[in-house]
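Below is one structure, written out as structure tokens, with a few remarks after it.
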Amino acid sequence: MPQPPAAKRVSWLRAALALSFTLLFGLGGILTAPGPSPAAPPGPEPSGDILLYAYSGIFQDNYTKAVVEPFLRKYPRVHIKYEAPGNSAQMLARLRAQKNDPQADVVIMDVSIARQGNTEGVFAPLDRAAVPNLADLYSDALVPSNFGPSVTFDHFVIIYNTDLVKPAPASWADLWNPSYKGRLIVTAPPDIQGLVLTILVDRMQGADYRQTIDPAIARLKTLAPLVQTWNPSPDQYTLVINGEGAVAVGWNARSQLYADQSKGKLGVVLPKEGSVFQKNTINLVKGARNPSAAQAFINYALGAEAQKTFTETMFYAPVNKKAIVSASALGRTASAPQTIRKMVPVDWGYVSQVRDQWLERWQREVMTR
């Protein structure tokens, strides 16, 4: 059967994505037809220094090339220093310590931690006039009161070494395969991966994480004897590719890139029970030293050009409705129609409130041997 032209395939995928978001997130996720972007008000060109906190390693390398460097070419009077203080929880800890004398201007971190920062007054609302690209975002990317929105969408997966593991895992329940003993890698809380795994395992046990996580904790406790490490270093992707681990949990975007780089040695699985969207948000630090340049960068990062480039570079799904992404790249992201149908909705506002309680239970009940 002949394939439709590439442009039509992309249009079809975008339409399917819009419908899928509506079905997944209900009325709050209804997408409107994109209209013209509001123009930024005239004013002086942004200038000066800004400090960006975001993730390290492969994310830093690709985000710098796909987003930071093009922004600097567009705004040559701005200088960006990129620092990677660790995971989102570690970033928030540093921001708390600096609250009376903020050093960072912009922070990219996961949504559950960012919501805590919003509540604690670590982050400031954005000025919609300074960040007009907010108008072009999917509604699920937006955060109440104009706090920092999602800048990427991703989802949780199982990864495995294709040389060492046959057949490939197909279910979250396969993590309990006794043949993985000593070769299984699970990233624990406070990292968001541990929180997501708690939600999914609780659901598999027939429970609702908003009511109780007792079933998940009891089940995860039986996983502990199989786990090689709860804190992979440098990361689980490298350990699995090198054969130091056989199976791990991780994020799709990084996994897709590592799968290419390893020439298929890293396998990526979306388990049959489904998965959870992960959202990275981009946030303005309250009391930032250069809020004008900071919001100019946030606006650029949310724009269609940057969103398209980063999606096609690293397979994070775009948050901007106007980003025209190739069908081949979009099909490997969280926004692929066959993927989005399997996503489990999560109340991240609730999760941010109970995160510390869940961490305590993991430390006391799960990560003990």
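Following the order of the structure tokens, chains are lettered A, B, ..., residues in each are numbered from 1, and ligands are numbered from 1.
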**Request:** Skip region 223-235 of chain A itself and residues of its chain fewer than 2 positions away, then list as a list of chain:residue names all residues within 8 Å of it, counting only C-alpha atoms.
**Result:**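 The filter keeps A:Leu175, A:Trp176, A:Pro178, A:Tyr180, A:Lys181, A:Gly182, A:Arg183, A:Leu184, A:Ile185, A:Val186, A:Thr187, A:Ala188, A:Arg219, A:Leu220, A:Lys221, A:Tyr237, A:Thr238, A:Leu239, A:Gly245, A:Val366, A:Met367, A:Thr368, A:Arg369.
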**Prompt:** When you draw a straight line from CA of Pro345 (chain A) to CA of Gln278 (chain A), how long is it in Å?
**Reply:** 10.4 Å
**Request:** Tell me which of A:Ala323, A:Glu45, A:Val67, A:Leu359 sits closest to Ile217 (chain A), counting only C-alpha atoms.
**Result:**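 Checking each of A:Ala323, A:Glu45, A:Val67, A:Leu359 against Ile217 (chain A), counting only C-alpha atoms, the winner is A:Leu359.
Counting only C-alpha atoms, Thr119 (chain A) has the following residues at most 12 Å away, ignoring those fewer than 6 positions along the same chain: Ser112, Ile113, Pro125, Pro144, Ser145, Phe147, Lys286, Gly349, Ser352 and Gln353 of chain A.
Across A:Leu257, A:Val240, A:Val276, A:Val344, the tightest approach to Phe59 (chain A) is made by A:Leu257 when counting only C-alpha atoms.
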**Asked** Just how far from CA of Ala93 (chain A) is CA of Ala293 (chain A), in Å to one decimal?
**Response**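 These two atoms are separated by 24.1 Å.
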**Message:** Between CA of Glu83 (chain A) and CA of Arg128 (chain A), what is the distance in Å, rounded to a tenth?
**Reply:** 26.2 Å
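When only C-alpha atoms are used to compute distances to His155 (chain A), the closest of the residues A:Thr222, A:Ser275, A:Ser139, A:Asn100 turns out to be A:Ser275.
The smallest atom-to-atom distance between Gln338 (chain A) and any of A:Ala97, A:Leu270, A:Gly194, A:Ser262, using only C-alpha atoms, is found for A:Leu270.
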**Message:** Give me the residues near Leu266 (chain A) as a count of residues only, where near means some atom within 8 Å (using only C-alpha atoms) and where sequence neighbours in that chain fewer than 3 positions away do not count.
**Reply:** 12
**Request:** Check the DSSP output for the backbone and give back, as a PyMOL selection string, the residues of region 31-151 of chain A in strand (DSSP E or B).
**Result:** chain A and resi 48-53+78-83+106-110+123-124+137+150-151
Output C-alpha atoms for every residue in that selection, as a tab-separated table (two decimals), in the first residue's frame.
```
chain	number	residue	atom	x	y	z
A	48	GLY	CA	24.11	40.02	30.42
A	49	ASP	CA	24.88	36.76	32.16
A	50	ILE	CA	22.47	34.02	33.22
A	51	LEU	CA	23.14	30.80	35.09
A	52	LEU	CA	21.22	27.72	33.96
A	53	TYR	CA	20.82	24.67	36.19
A	78	VAL	CA	23.61	37.20	26.47
A	79	HIS	CA	26.05	34.78	28.07
A	80	ILE	CA	24.86	31.49	29.57
A	81	LYS	CA	26.73	29.38	32.11
A	82	TYR	CA	25.35	25.85	32.25
A	83	GLU	CA	25.78	23.99	35.54
A	106	VAL	CA	16.77	29.41	35.06
A	107	VAL	CA	16.30	25.81	36.21
A	108	ILE	CA	15.17	22.73	34.28
A	109	MET	CA	13.89	19.99	36.58
A	110	ASP	CA	11.15	17.41	36.87
A	123	PHE	CA	10.52	30.02	41.74
A	124	ALA	CA	8.67	33.03	40.37
A	137	LEU	CA	1.92	25.17	24.47
A	150	SER	CA	6.87	21.79	30.89
A	151	VAL	CA	9.70	22.12	28.41
```
**Request:** Any chance you could list, as JSON, numbers by chain, the residues in region 173-323 of chain A that come up helix (DSSP H, G or I) when DSSP is run on the backbone?
**Result:** {"A": [173, 174, 175, 176, 178, 179, 180, 192, 193, 194, 195, 196, 197, 198, 199, 200, 201, 202, 203, 204, 214, 215, 216, 217, 218, 219, 220, 221, 222, 223, 224, 225, 226, 236, 237, 238, 239, 240, 241, 252, 253, 254, 255, 256, 257, 258, 259, 260, 261, 291, 292, 293, 294, 295, 296, 297, 298, 299, 300, 301, 302, 304, 305, 306, 307, 308, 309, 310, 311, 312, 313, 314]}
**Message:** For Gly303 (chain A), find every residue with an atom within 7 Å (counting only C-alpha atoms), except residues of its own chain fewer than 4 positions away, and show them as a ChimeraX atom specification.
**Reply:** /A:133,299,307,320
**Item:** For Phe310 (chain A): contacts at 10 Å, only C-alpha atoms, fewer than 5 positions along chain excluded, given as a list in words
**Value:**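 The residues that qualify are Asn62, Tyr63, Thr64, Lys65, Ala66, Val67, Thr152, Ala301, Glu305, Phe315, Tyr316, Ala317, Pro318 and Val325 of chain A.
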Take the residues that were just selected and, keeping N, CA and C atoms, output them as a PDB file, in the first residue's frame.
```pdb
ATOM      1  N   ASN A  62      23.489  17.564  24.463  1.00  0.00           N
ATOM      2  CA  ASN A  62      22.527  17.760  23.379  1.00  0.00           C
ATOM      3  C   ASN A  62      21.693  19.020  23.553  1.00  0.00           C
ATOM      4  N   TYR A  63      21.363  19.360  24.802  1.00  0.00           N
ATOM      5  CA  TYR A  63      20.586  20.579  25.015  1.00  0.00           C
ATOM      6  C   TYR A  63      21.428  21.814  24.681  1.00  0.00           C
ATOM      7  N   THR A  64      22.708  21.740  24.986  1.00  0.00           N
ATOM      8  CA  THR A  64      23.596  22.854  24.651  1.00  0.00           C
ATOM      9  C   THR A  64      23.636  23.074  23.145  1.00  0.00           C
ATOM     10  N   LYS A  65      23.782  21.992  22.389  1.00  0.00           N
ATOM     11  CA  LYS A  65      23.880  22.108  20.935  1.00  0.00           C
ATOM     12  C   LYS A  65      22.552  22.502  20.296  1.00  0.00           C
ATOM     13  N   ALA A  66      21.450  21.927  20.807  1.00  0.00           N
ATOM     14  CA  ALA A  66      20.154  22.109  20.150  1.00  0.00           C
ATOM     15  C   ALA A  66      19.437  23.379  20.564  1.00  0.00           C
ATOM     16  N   VAL A  67      19.691  23.867  21.792  1.00  0.00           N
ATOM     17  CA  VAL A  67      18.912  24.997  22.313  1.00  0.00           C
ATOM     18  C   VAL A  67      19.801  26.158  22.759  1.00  0.00           C
ATOM     19  N   THR A 152       9.708  19.678  28.174  1.00  0.00           N
ATOM     20  CA  THR A 152       9.767  18.411  27.443  1.00  0.00           C
ATOM     21  C   THR A 152       8.738  17.454  28.031  1.00  0.00           C
ATOM     22  N   ALA A 301      13.364  28.616  24.508  1.00  0.00           N
ATOM     23  CA  ALA A 301      13.351  27.168  24.743  1.00  0.00           C
ATOM     24  C   ALA A 301      11.973  26.570  24.520  1.00  0.00           C
ATOM     25  N   GLU A 305      10.874  26.404  17.134  1.00  0.00           N
ATOM     26  CA  GLU A 305      12.177  26.071  16.554  1.00  0.00           C
ATOM     27  C   GLU A 305      13.001  25.217  17.510  1.00  0.00           C
ATOM     28  N   PHE A 315      14.782  13.007  21.088  1.00  0.00           N
ATOM     29  CA  PHE A 315      13.545  12.235  21.230  1.00  0.00           C
ATOM     30  C   PHE A 315      12.708  12.584  22.461  1.00  0.00           C
ATOM     31  N   TYR A 316      12.869  13.793  23.003  1.00  0.00           N
ATOM     32  CA  TYR A 316      11.888  14.299  23.962  1.00  0.00           C
ATOM     33  C   TYR A 316      10.710  14.837  23.156  1.00  0.00           C
ATOM     34  N   ALA A 317       9.504  14.512  23.586  1.00  0.00           N
ATOM     35  CA  ALA A 317       8.331  14.979  22.860  1.00  0.00           C
ATOM     36  C   ALA A 317       8.165  16.483  23.033  1.00  0.00           C
ATOM     37  N   PRO A 318       7.741  17.183  21.982  1.00  0.00           N
ATOM     38  CA  PRO A 318       7.602  18.633  22.062  1.00  0.00           C
ATOM     39  C   PRO A 318       6.399  19.052  22.899  1.00  0.00           C
ATOM     40  N   VAL A 325       7.644  18.455  13.694  1.00  0.00           N
ATOM     41  CA  VAL A 325       8.676  17.441  13.916  1.00  0.00           C
ATOM     42  C   VAL A 325       8.526  16.328  12.885  1.00  0.00           C
TER      43      VAL A 325
END
```
